[in-house]
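Trainee: Pasting work_6.pdb here (PDB, C-alpha atoms and all ligand atoms):
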```
ATOM      1  CA  MET A   1       0.590  -2.818   9.098  1.00  0.00           C
ATOM      2  CA  ALA A   2      -2.246  -1.255  11.029  1.00  0.00           C
ATOM      3  CA  ASP A   3      -1.282   2.298  10.149  1.00  0.00           C
ATOM      4  CA  GLU A   4      -1.117   1.742   6.450  1.00  0.00           C
ATOM      5  CA  ILE A   5      -4.799   2.382   5.801  1.00  0.00           C
ATOM      6  CA  LYS A   6      -4.696   5.549   7.857  1.00  0.00           C
ATOM      7  CA  THR A   7      -1.611   6.781   6.026  1.00  0.00           C
ATOM      8  CA  ASN A   8      -3.267   6.032   2.689  1.00  0.00           C
ATOM      9  CA  ILE A   9      -6.354   8.006   3.686  1.00  0.00           C
ATOM     10  CA  LEU A  10      -4.340  11.014   4.848  1.00  0.00           C
ATOM     11  CA  ASN A  11      -2.421  10.926   1.617  1.00  0.00           C
ATOM     12  CA  ILE A  12      -5.635  10.802  -0.462  1.00  0.00           C
ATOM     13  CA  ARG A  13      -7.109  13.684   1.537  1.00  0.00           C
ATOM     14  CA  GLU A  14      -4.086  15.781   0.644  1.00  0.00           C
ATOM     15  CA  ARG A  15      -4.474  14.898  -3.011  1.00  0.00           C
ATOM     16  CA  ILE A  16      -8.200  15.746  -2.833  1.00  0.00           C
ATOM     17  CA  ALA A  17      -7.405  19.146  -1.357  1.00  0.00           C
ATOM     18  CA  ALA A  18      -4.736  19.863  -3.960  1.00  0.00           C
ATOM     19  CA  ALA A  19      -7.033  18.894  -6.848  1.00  0.00           C
ATOM     20  CA  ALA A  20      -9.866  20.973  -5.406  1.00  0.00           C
ATOM     21  CA  ILE A  21      -7.666  24.019  -5.049  1.00  0.00           C
ATOM     22  CA  ARG A  22      -6.381  23.605  -8.614  1.00  0.00           C
ATOM     23  CA  ALA A  23      -9.994  23.620  -9.760  1.00  0.00           C
ATOM     24  CA  GLY A  24     -10.959  26.572  -7.576  1.00  0.00           C
ATOM     25  CA  ARG A  25     -13.227  24.395  -5.439  1.00  0.00           C
ATOM     26  CA  ASP A  26     -13.689  24.077  -1.697  1.00  0.00           C
ATOM     27  CA  PRO A  27     -12.240  20.681  -0.652  1.00  0.00           C
ATOM     28  CA  ALA A  28     -15.151  20.344   1.792  1.00  0.00           C
ATOM     29  CA  GLY A  29     -17.419  19.873  -1.224  1.00  0.00           C
ATOM     30  CA  ILE A  30     -15.805  16.530  -2.030  1.00  0.00           C
ATOM     31  CA  ARG A  31     -16.605  13.422  -0.022  1.00  0.00           C
ATOM     32  CA  LEU A  32     -14.326  10.417   0.028  1.00  0.00           C
ATOM     33  CA  MET A  33     -16.051   7.044  -0.109  1.00  0.00           C
ATOM     34  CA  ALA A  34     -14.014   3.994   0.847  1.00  0.00           C
ATOM     35  CA  VAL A  35     -14.947   1.161  -1.516  1.00  0.00           C
ATOM     36  CA  SER A  36     -14.707  -1.913   0.649  1.00  0.00           C
ATOM     37  CA  LYS A  37     -15.621  -4.769  -1.679  1.00  0.00           C
ATOM     38  CA  THR A  38     -13.487  -7.837  -0.813  1.00  0.00           C
ATOM     39  CA  VAL A  39     -12.148  -6.035   2.287  1.00  0.00           C
ATOM     40  CA  GLU A  40     -12.694  -7.804   5.592  1.00  0.00           C
ATOM     41  CA  PRO A  41     -14.515  -6.051   8.479  1.00  0.00           C
ATOM     42  CA  GLU A  42     -11.363  -5.608  10.546  1.00  0.00           C
ATOM     43  CA  ARG A  43      -9.713  -3.498   7.853  1.00  0.00           C
ATOM     44  CA  ILE A  44     -12.930  -1.599   7.188  1.00  0.00           C
ATOM     45  CA  ARG A  45     -12.898  -0.609  10.870  1.00  0.00           C
ATOM     46  CA  GLN A  46      -9.406   0.766  10.447  1.00  0.00           C
ATOM     47  CA  ALA A  47     -10.735   3.047   7.723  1.00  0.00           C
ATOM     48  CA  LEU A  48     -13.572   4.166  10.013  1.00  0.00           C
ATOM     49  CA  ASP A  49     -11.047   4.853  12.771  1.00  0.00           C
ATOM     50  CA  ALA A  50      -9.164   7.018  10.292  1.00  0.00           C
ATOM     51  CA  GLY A  51     -12.266   9.150   9.756  1.00  0.00           C
ATOM     52  CA  ILE A  52     -14.047   7.529   6.805  1.00  0.00           C
ATOM     53  CA  THR A  53     -17.808   8.151   6.938  1.00  0.00           C
ATOM     54  CA  LEU A  54     -18.958   6.706   3.588  1.00  0.00           C
ATOM     55  CA  LEU A  55     -18.526   3.066   2.608  1.00  0.00           C
ATOM     56  CA  GLY A  56     -19.313   1.523  -0.767  1.00  0.00           C
ATOM     57  CA  GLU A  57     -20.082  -2.107  -1.543  1.00  0.00           C
ATOM     58  CA  ASN A  58     -20.746  -3.789  -4.889  1.00  0.00           C
ATOM     59  CA  TYR A  59     -22.222  -7.186  -4.186  1.00  0.00           C
ATOM     60  CA  VAL A  60     -25.466  -7.849  -2.342  1.00  0.00           C
ATOM     61  CA  GLN A  61     -24.383 -11.171  -0.852  1.00  0.00           C
ATOM     62  CA  GLU A  62     -21.104  -9.760   0.446  1.00  0.00           C
ATOM     63  CA  ALA A  63     -22.917  -6.732   1.878  1.00  0.00           C
ATOM     64  CA  ARG A  64     -25.433  -8.946   3.667  1.00  0.00           C
ATOM     65  CA  GLU A  65     -22.574 -10.696   5.408  1.00  0.00           C
ATOM     66  CA  LYS A  66     -20.413  -7.690   6.215  1.00  0.00           C
ATOM     67  CA  ILE A  67     -22.682  -4.743   6.965  1.00  0.00           C
ATOM     68  CA  PRO A  68     -24.266  -6.311  10.063  1.00  0.00           C
ATOM     69  CA  VAL A  69     -20.765  -7.118  11.344  1.00  0.00           C
ATOM     70  CA  VAL A  70     -19.256  -3.684  10.745  1.00  0.00           C
ATOM     71  CA  GLY A  71     -22.438  -1.913  11.778  1.00  0.00           C
ATOM     72  CA  ARG A  72     -23.535   1.564  10.865  1.00  0.00           C
ATOM     73  CA  PRO A  73     -21.121   4.101  12.179  1.00  0.00           C
ATOM     74  CA  ALA A  74     -20.805   4.956   8.486  1.00  0.00           C
ATOM     75  CA  VAL A  75     -23.321   5.498   5.717  1.00  0.00           C
ATOM     76  CA  TRP A  76     -23.366   2.567   3.310  1.00  0.00           C
ATOM     77  CA  HIS A  77     -23.658   3.121  -0.428  1.00  0.00           C
ATOM     78  CA  MET A  78     -24.531   0.402  -2.948  1.00  0.00           C
ATOM     79  CA  ILE A  79     -22.377   1.071  -6.002  1.00  0.00           C
ATOM     80  CA  GLY A  80     -22.613  -2.217  -7.904  1.00  0.00           C
ATOM     81  CA  HIS A  81     -25.082  -3.375 -10.517  1.00  0.00           C
ATOM     82  CA  LEU A  82     -28.363  -4.265  -8.874  1.00  0.00           C
ATOM     83  CA  GLN A  83     -30.781  -6.960 -10.003  1.00  0.00           C
ATOM     84  CA  THR A  84     -34.416  -6.185  -9.302  1.00  0.00           C
ATOM     85  CA  ASN A  85     -34.878  -9.443  -7.382  1.00  0.00           C
ATOM     86  CA  LYS A  86     -32.152  -8.418  -4.901  1.00  0.00           C
ATOM     87  CA  VAL A  87     -33.799  -5.127  -3.990  1.00  0.00           C
ATOM     88  CA  LYS A  88     -35.555  -6.656  -1.002  1.00  0.00           C
ATOM     89  CA  TYR A  89     -32.176  -7.134   0.668  1.00  0.00           C
ATOM     90  CA  VAL A  90     -30.580  -3.802  -0.106  1.00  0.00           C
ATOM     91  CA  VAL A  91     -33.321  -1.592   1.295  1.00  0.00           C
ATOM     92  CA  ASN A  92     -32.352  -2.456   4.860  1.00  0.00           C
ATOM     93  CA  LEU A  93     -28.618  -2.345   4.275  1.00  0.00           C
ATOM     94  CA  PHE A  94     -27.991   0.814   2.286  1.00  0.00           C
ATOM     95  CA  ASP A  95     -29.006   4.458   2.454  1.00  0.00           C
ATOM     96  CA  TRP A  96     -27.775   5.319  -1.004  1.00  0.00           C
ATOM     97  CA  ILE A  97     -27.976   3.401  -4.293  1.00  0.00           C
ATOM     98  CA  HIS A  98     -25.602   4.672  -7.014  1.00  0.00           C
ATOM     99  CA  SER A  99     -26.593   2.200  -9.705  1.00  0.00           C
ATOM    100  CA  VAL A 100     -30.166   3.051 -10.651  1.00  0.00           C
ATOM    101  CA  ASP A 101     -30.309   2.763 -14.419  1.00  0.00           C
ATOM    102  CA  ARG A 102     -33.886   1.763 -15.225  1.00  0.00           C
ATOM    103  CA  LEU A 103     -37.401   2.617 -14.126  1.00  0.00           C
ATOM    104  CA  GLU A 104     -38.260  -0.960 -13.152  1.00  0.00           C
ATOM    105  CA  LEU A 105     -35.444  -0.924 -10.592  1.00  0.00           C
ATOM    106  CA  ALA A 106     -36.455   2.474  -9.214  1.00  0.00           C
ATOM    107  CA  ARG A 107     -40.060   1.299  -8.837  1.00  0.00           C
ATOM    108  CA  GLU A 108     -38.986  -1.792  -6.921  1.00  0.00           C
ATOM    109  CA  LEU A 109     -36.746   0.290  -4.644  1.00  0.00           C
ATOM    110  CA  ASP A 110     -39.628   2.669  -4.053  1.00  0.00           C
ATOM    111  CA  LYS A 111     -42.010  -0.168  -3.221  1.00  0.00           C
ATOM    112  CA  ARG A 112     -39.655  -1.943  -0.820  1.00  0.00           C
ATOM    113  CA  ALA A 113     -38.537   1.279   0.840  1.00  0.00           C
ATOM    114  CA  GLY A 114     -42.174   2.240   1.351  1.00  0.00           C
ATOM    115  CA  GLN A 115     -42.913  -1.088   3.039  1.00  0.00           C
ATOM    116  CA  ARG A 116     -40.229  -0.310   5.572  1.00  0.00           C
ATOM    117  CA  SER A 117     -41.066   3.374   5.921  1.00  0.00           C
ATOM    118  CA  ARG A 118     -37.671   4.271   4.544  1.00  0.00           C
ATOM    119  CA  ARG A 119     -36.581   6.775   1.993  1.00  0.00           C
ATOM    120  CA  LEU A 120     -33.642   5.934  -0.257  1.00  0.00           C
ATOM    121  CA  ASN A 121     -31.250   8.331  -1.907  1.00  0.00           C
ATOM    122  CA  VAL A 122     -30.510   7.288  -5.453  1.00  0.00           C
ATOM    123  CA  LEU A 123     -28.114   8.305  -8.169  1.00  0.00           C
ATOM    124  CA  ILE A 124     -28.711   7.553 -11.821  1.00  0.00           C
ATOM    125  CA  GLU A 125     -25.874   5.507 -13.286  1.00  0.00           C
ATOM    126  CA  VAL A 126     -25.041   6.769 -16.746  1.00  0.00           C
ATOM    127  CA  ASN A 127     -23.195   4.772 -19.383  1.00  0.00           C
ATOM    128  CA  VAL A 128     -21.458   7.757 -20.916  1.00  0.00           C
ATOM    129  CA  SER A 129     -19.062   5.815 -23.131  1.00  0.00           C
ATOM    130  CA  GLY A 130     -21.779   3.568 -24.547  1.00  0.00           C
ATOM    131  CA  GLU A 131     -19.637   0.451 -24.049  1.00  0.00           C
ATOM    132  CA  ALA A 132     -21.881  -2.600 -24.311  1.00  0.00           C
ATOM    133  CA  SER A 133     -20.231  -4.208 -21.282  1.00  0.00           C
ATOM    134  CA  LYS A 134     -21.143  -1.295 -19.009  1.00  0.00           C
ATOM    135  CA  ASN A 135     -24.306  -0.803 -17.021  1.00  0.00           C
ATOM    136  CA  GLY A 136     -26.072   2.497 -16.901  1.00  0.00           C
ATOM    137  CA  ALA A 137     -28.716   4.463 -18.729  1.00  0.00           C
ATOM    138  CA  ALA A 138     -27.826   6.033 -22.066  1.00  0.00           C
ATOM    139  CA  PRO A 139     -27.214   9.789 -21.662  1.00  0.00           C
ATOM    140  CA  GLY A 140     -30.180  10.587 -23.906  1.00  0.00           C
ATOM    141  CA  GLN A 141     -32.556   8.651 -21.633  1.00  0.00           C
ATOM    142  CA  VAL A 142     -31.519  10.148 -18.331  1.00  0.00           C
ATOM    143  CA  LEU A 143     -33.750  13.217 -18.209  1.00  0.00           C
ATOM    144  CA  GLU A 144     -36.858  11.164 -18.945  1.00  0.00           C
ATOM    145  CA  LEU A 145     -35.831   8.536 -16.392  1.00  0.00           C
ATOM    146  CA  VAL A 146     -35.327  11.202 -13.727  1.00  0.00           C
ATOM    147  CA  ARG A 147     -38.718  12.676 -14.603  1.00  0.00           C
ATOM    148  CA  GLN A 148     -40.396   9.293 -14.135  1.00  0.00           C
ATOM    149  CA  ILE A 149     -38.580   8.565 -10.886  1.00  0.00           C
ATOM    150  CA  SER A 150     -39.381  12.000  -9.502  1.00  0.00           C
ATOM    151  CA  ILE A 151     -42.975  10.991  -8.847  1.00  0.00           C
ATOM    152  CA  LEU A 152     -42.014   7.973  -6.698  1.00  0.00           C
ATOM    153  CA  PRO A 153     -42.504   8.916  -3.035  1.00  0.00           C
ATOM    154  CA  ASN A 154     -39.822   6.799  -1.338  1.00  0.00           C
ATOM    155  CA  VAL A 155     -36.793   7.417  -3.520  1.00  0.00           C
ATOM    156  CA  SER A 156     -35.021  10.744  -3.874  1.00  0.00           C
ATOM    157  CA  VAL A 157     -32.896  11.372  -6.929  1.00  0.00           C
ATOM    158  CA  ARG A 158     -29.759  13.116  -5.682  1.00  0.00           C
ATOM    159  CA  GLY A 159     -27.501  13.123  -8.723  1.00  0.00           C
ATOM    160  CA  LEU A 160     -25.598  11.066 -11.270  1.00  0.00           C
ATOM    161  CA  MET A 161     -22.902   8.403 -11.231  1.00  0.00           C
ATOM    162  CA  THR A 162     -20.596   7.085 -13.921  1.00  0.00           C
ATOM    163  CA  MET A 163     -17.703   4.735 -14.499  1.00  0.00           C
ATOM    164  CA  PRO A 164     -15.489   5.533 -17.490  1.00  0.00           C
ATOM    165  CA  PRO A 165     -13.911   2.761 -19.568  1.00  0.00           C
ATOM    166  CA  TYR A 166     -10.773   1.336 -18.021  1.00  0.00           C
ATOM    167  CA  SER A 167      -7.617   3.137 -19.096  1.00  0.00           C
ATOM    168  CA  ASP A 168      -4.152   3.559 -17.659  1.00  0.00           C
ATOM    169  CA  ASP A 169      -4.229   7.275 -18.461  1.00  0.00           C
ATOM    170  CA  PRO A 170      -6.563   9.232 -16.145  1.00  0.00           C
ATOM    171  CA  GLU A 171      -6.889  11.967 -18.778  1.00  0.00           C
ATOM    172  CA  ASN A 172      -8.918   9.493 -20.837  1.00  0.00           C
ATOM    173  CA  SER A 173     -11.645   9.673 -18.187  1.00  0.00           C
ATOM    174  CA  ARG A 174     -12.000  13.447 -18.422  1.00  0.00           C
ATOM    175  CA  PRO A 175     -14.426  13.547 -21.399  1.00  0.00           C
ATOM    176  CA  CYS A 176     -16.764  11.140 -19.576  1.00  0.00           C
ATOM    177  CA  PHE A 177     -16.699  13.269 -16.449  1.00  0.00           C
ATOM    178  CA  ILE A 178     -17.420  16.402 -18.466  1.00  0.00           C
ATOM    179  CA  VAL A 179     -20.410  14.757 -20.141  1.00  0.00           C
ATOM    180  CA  LEU A 180     -21.780  13.683 -16.760  1.00  0.00           C
ATOM    181  CA  ARG A 181     -21.460  17.217 -15.407  1.00  0.00           C
ATOM    182  CA  GLN A 182     -23.161  18.712 -18.467  1.00  0.00           C
ATOM    183  CA  LEU A 183     -25.973  16.192 -18.168  1.00  0.00           C
ATOM    184  CA  ARG A 184     -26.387  17.188 -14.528  1.00  0.00           C
ATOM    185  CA  ASP A 185     -26.612  20.838 -15.578  1.00  0.00           C
ATOM    186  CA  GLU A 186     -29.270  20.012 -18.176  1.00  0.00           C
ATOM    187  CA  ILE A 187     -31.359  18.196 -15.601  1.00  0.00           C
ATOM    188  CA  VAL A 188     -30.996  21.086 -13.171  1.00  0.00           C
ATOM    189  CA  SER A 189     -32.270  23.426 -15.911  1.00  0.00           C
ATOM    190  CA  ALA A 190     -35.332  21.240 -16.361  1.00  0.00           C
ATOM    191  CA  ALA A 191     -36.214  22.124 -12.728  1.00  0.00           C
ATOM    192  CA  LEU A 192     -38.150  18.951 -11.970  1.00  0.00           C
ATOM    193  CA  PRO A 193     -40.056  19.156  -8.696  1.00  0.00           C
ATOM    194  CA  GLY A 194     -38.521  17.218  -5.815  1.00  0.00           C
ATOM    195  CA  ILE A 195     -35.264  16.539  -7.628  1.00  0.00           C
ATOM    196  CA  SER A 196     -31.945  17.729  -6.315  1.00  0.00           C
ATOM    197  CA  MET A 197     -28.962  17.144  -8.498  1.00  0.00           C
ATOM    198  CA  ASP A 198     -26.277  17.923  -5.942  1.00  0.00           C
ATOM    199  CA  GLU A 199     -24.164  14.830  -6.329  1.00  0.00           C
ATOM    200  CA  LEU A 200     -21.759  13.706  -9.014  1.00  0.00           C
ATOM    201  CA  SER A 201     -20.343  10.316  -8.048  1.00  0.00           C
ATOM    202  CA  MET A 202     -17.283   9.906 -10.249  1.00  0.00           C
ATOM    203  CA  GLY A 203     -13.589   9.140  -9.928  1.00  0.00           C
ATOM    204  CA  MET A 204     -11.809   6.098  -8.518  1.00  0.00           C
ATOM    205  CA  THR A 205      -8.248   5.225  -7.494  1.00  0.00           C
ATOM    206  CA  ASP A 206      -6.736   5.998 -10.883  1.00  0.00           C
ATOM    207  CA  ASP A 207      -8.673   9.097 -11.887  1.00  0.00           C
ATOM    208  CA  PHE A 208     -10.194  10.791  -8.831  1.00  0.00           C
ATOM    209  CA  GLU A 209      -8.148  13.960  -9.224  1.00  0.00           C
ATOM    210  CA  VAL A 210      -9.419  14.471 -12.783  1.00  0.00           C
ATOM    211  CA  ALA A 211     -12.947  13.796 -11.509  1.00  0.00           C
ATOM    212  CA  ILE A 212     -12.552  16.484  -8.845  1.00  0.00           C
ATOM    213  CA  GLU A 213     -11.352  18.940 -11.461  1.00  0.00           C
ATOM    214  CA  GLU A 214     -14.554  18.206 -13.391  1.00  0.00           C
ATOM    215  CA  GLY A 215     -16.932  18.579 -10.475  1.00  0.00           C
ATOM    216  CA  ALA A 216     -17.106  15.268  -8.554  1.00  0.00           C
ATOM    217  CA  THR A 217     -18.774  15.536  -5.145  1.00  0.00           C
ATOM    218  CA  ILE A 218     -18.319  11.878  -4.167  1.00  0.00           C
ATOM    219  CA  ILE A 219     -15.215   9.968  -5.190  1.00  0.00           C
ATOM    220  CA  ARG A 220     -15.222   6.183  -4.820  1.00  0.00           C
ATOM    221  CA  VAL A 221     -11.790   4.911  -3.845  1.00  0.00           C
ATOM    222  CA  GLY A 222     -10.882   1.299  -3.134  1.00  0.00           C
ATOM    223  CA  ARG A 223      -7.326   0.261  -3.933  1.00  0.00           C
ATOM    224  CA  ALA A 224      -5.657   3.519  -2.950  1.00  0.00           C
ATOM    225  CA  ILE A 225      -7.062   3.002   0.562  1.00  0.00           C
ATOM    226  CA  PHE A 226      -7.000  -0.757   1.086  1.00  0.00           C
ATOM    227  CA  GLY A 227      -4.350  -1.865  -1.413  1.00  0.00           C
ATOM    228  CA  GLU A 228      -4.837  -4.227  -4.330  1.00  0.00           C
ATOM    229  CA  ARG A 229      -7.849  -6.477  -3.954  1.00  0.00           C
ATOM    230  CA  ARG A 230      -6.696  -9.992  -3.194  1.00  0.00           C
ATOM    231  CA  TYR A 231      -9.516 -11.864  -4.849  1.00  0.00           C
ATOM    232  CA  SER A 232     -12.537 -11.202  -6.989  1.00  0.00           C
ATOM    233  CA  PRO A 233     -15.770 -12.133  -5.316  1.00  0.00           C
ATOM    234  CA  PRO A 234     -18.312 -14.175  -7.305  1.00  0.00           C
TER     235      PRO A 234
HETATM  236  C1  LIG B   1     -14.453  -1.201  -7.330  1.00  0.00           C
HETATM  237  C2  LIG B   1     -15.157   0.065  -7.641  1.00  0.00           C
HETATM  238  C3  LIG B   1     -14.609   1.306  -7.283  1.00  0.00           C
HETATM  239  C4  LIG B   1     -13.248   1.471  -6.649  1.00  0.00           C
HETATM  240  O1  LIG B   1     -12.253   1.172  -7.579  1.00  0.00           O
HETATM  241  P1  LIG B   1     -10.698   1.393  -7.212  1.00  0.00           P
HETATM  242  O2  LIG B   1     -10.054   1.374  -8.545  1.00  0.00           O
HETATM  243  O3  LIG B   1     -10.317   0.250  -6.339  1.00  0.00           O
HETATM  244  O4  LIG B   1     -10.578   2.699  -6.523  1.00  0.00           O
HETATM  245  C5  LIG B   1     -15.365   2.441  -7.534  1.00  0.00           C
HETATM  246  N1  LIG B   1     -16.578   2.374  -8.124  1.00  0.00           N
HETATM  247  C6  LIG B   1     -17.133   1.211  -8.493  1.00  0.00           C
HETATM  248  C7  LIG B   1     -18.476   1.212  -9.132  1.00  0.00           C
HETATM  249  C8  LIG B   1     -16.432   0.022  -8.276  1.00  0.00           C
HETATM  250  O5  LIG B   1     -16.978  -1.138  -8.683  1.00  0.00           O
END
```
Show the structure stored in the file as structure tokens.
Mentor:
Amino acid sequence: MADEIKTNILNIRERIAAAAIRAGRDPAGIRLMAVSKTVEPERIRQALDAGITLLGENYVQEAREKIPVVGRPAVWHMIGHLQTNKVKYVVNLFDWIHSVDRLELARELDKRAGQRSRRLNVLIEVNVSGEASKNGAAPGQVLELVRQISILPNVSVRGLMTMPPYSDDPENSRPCFIVLRQLRDEIVSAALPGISMDELSMGMTDDFEVAIEEGATIIRVGRAIFGERRYSPP
């Protein structure tokens, strides 16, 4: 059904507004990213037609196939784990990278962006829960990492990103979101030159309302927009 994606988006926008108002926030301060991994270009276009302006992809190979087809009416965000040897591809495809978790990766992004006279917006991915299976910098390393990245000319640190452990109760994500916000506040207090910490990328289909209550500025929503993913890409 062609209207289903549009209906889903309208519904999510209402839930965003309600959560923002509960938290005493302006709903305009929360941006909805449509996470389009595994979603074919035709259905991504339906989301764009329904007003989506941010798209998120996880896998470099999939992004290389899809982004040129969909084009750039939207701003593309890389939200998946990024291997340093794939950086050469992402610099042309994405404007934002949410998964910077080590200096080596930031340096490679800086180098490749510089070669193409581009400037990339990056978020530091933080492994708040400390789960071994999760990517992300340890909370205690983030300030130093931001300090080191701040001197790189072609990447701009714009904030933090996290993914809480999977749980069927969204309340279980709240402590992670609080830690991310507090970490953001600490980095703001350090007043590093050239660093803006405006963005908190947190909250997905199952917990975006809790994330908004705790300060999210970008929520990353896949299934609630496009439905259950039909396959897992490699
Ligand atoms: C897949 C994914 C999402 C979206 O998850 P949904 O549960 O489908 O909303 C958000 N962030 C990241 C990093 C993802 O990999």
Trainee: Out of A:Ser117, A:Leu105, A:Glu214, A:Val69, which residue has the shortest atom-to-atom distance to A:Asn85 when counting only C-alpha atoms?
Mentor: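 The answer is A:Leu105, which sits nearest to A:Asn85.
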Trainee: Using all atoms listed in the file, which protein or nucleic acid residues are at most 9 Å from ligand LIG 1 (chain B), as a ChimeraX atom specification?
Mentor: /A:33-37,56-58,78-81,98-99,161-163,201-208,219-229
Trainee: Atom CA of A:Glu144 and atom CA of A:Ala191, how far apart in Å?
Mentor: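 That distance, rounded to one decimal, is 12.6 Å.
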Trainee: On this structure, which residues satisfy the PyMOL selection byres (((chain A and resi 182-184) around 9) and not hetatm), written as a ChimeraX atom specification?
Mentor: /A:139,142-143,159-160,177-181,185-189,197-200
Trainee: Determine the nearest neighbour of A:Ala17 from the options A:Leu54, A:Val100, A:Ile212, A:Ile151, counting all atoms listed in the file.
Mentor: A:Ile212
Trainee: For the PyMOL selection byres (((chain A and resi 165) around 12) and not hetatm), applied here, can you spell out every residue it catches as a PyMOL selection string?
Mentor: chain A and resi 127-135+162-164+166-177+203-204+206-207
Trainee: Kindly resolve the PyMOL selection byres (((chain A and resi 26) around 12) and not hetatm) on the present coordinates and return the residues as a list of chain:residue names.
Mentor: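 Selection result, ordered by chain and number: A:Ile16, A:Ala17, A:Ala18, A:Ala19, A:Ala20, A:Ile21, A:Arg22, A:Ala23, A:Gly24, A:Arg25, A:Pro27, A:Ala28, A:Gly29, A:Ile30, A:Arg31, A:Ile212, A:Glu213, A:Gly215, A:Ala216, A:Thr217.
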Trainee: Would you compute the distance between atom CA of A:Asn8 and atom CA of A:Phe94? Give it in Å to one decimal.
Mentor: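 Separation between atom CA of A:Asn8 and atom CA of A:Phe94: 25.3 Å.
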Trainee: Just to confirm, what's the straight-line distance from atom CA of A:Val75 to atom CA of A:Thr53 in Å (one decimal)?
Mentor: 6.2 Å
Trainee: With a distance cut-off of 12 Å and all atoms listed in the file, select the neighbouring residues of A:Leu103, excluding the residue or stretch itself and same-chain residues fewer than 5 positions from it, and output the selection as a list in words.
Mentor: Thr84, Glu108, Leu109, Asp110, Ile124, Glu125, Gly136, Ala137, Gln141, Val142, Leu143, Glu144, Leu145, Val146, Arg147, Gln148, Ile149, Ser150, Ile151, Leu152 and Val155 of chain A
Trainee: Using C-alpha atoms, can you export the residues from the last selection as a PDB file, in the frame of the given file?
Mentor:
```pdb
ATOM      1  CA  THR A  84     -34.416  -6.185  -9.302  1.00  0.00           C
ATOM      2  CA  GLU A 108     -38.986  -1.792  -6.921  1.00  0.00           C
ATOM      3  CA  LEU A 109     -36.746   0.290  -4.644  1.00  0.00           C
ATOM      4  CA  ASP A 110     -39.628   2.669  -4.053  1.00  0.00           C
ATOM      5  CA  ILE A 124     -28.711   7.553 -11.821  1.00  0.00           C
ATOM      6  CA  GLU A 125     -25.874   5.507 -13.286  1.00  0.00           C
ATOM      7  CA  GLY A 136     -26.072   2.497 -16.901  1.00  0.00           C
ATOM      8  CA  ALA A 137     -28.716   4.463 -18.729  1.00  0.00           C
ATOM      9  CA  GLN A 141     -32.556   8.651 -21.633  1.00  0.00           C
ATOM     10  CA  VAL A 142     -31.519  10.148 -18.331  1.00  0.00           C
ATOM     11  CA  LEU A 143     -33.750  13.217 -18.209  1.00  0.00           C
ATOM     12  CA  GLU A 144     -36.858  11.164 -18.945  1.00  0.00           C
ATOM     13  CA  LEU A 145     -35.831   8.536 -16.392  1.00  0.00           C
ATOM     14  CA  VAL A 146     -35.327  11.202 -13.727  1.00  0.00           C
ATOM     15  CA  ARG A 147     -38.718  12.676 -14.603  1.00  0.00           C
ATOM     16  CA  GLN A 148     -40.396   9.293 -14.135  1.00  0.00           C
ATOM     17  CA  ILE A 149     -38.580   8.565 -10.886  1.00  0.00           C
ATOM     18  CA  SER A 150     -39.381  12.000  -9.502  1.00  0.00           C
ATOM     19  CA  ILE A 151     -42.975  10.991  -8.847  1.00  0.00           C
ATOM     20  CA  LEU A 152     -42.014   7.973  -6.698  1.00  0.00           C
ATOM     21  CA  VAL A 155     -36.793   7.417  -3.520  1.00  0.00           C
TER      22      VAL A 155
END
```
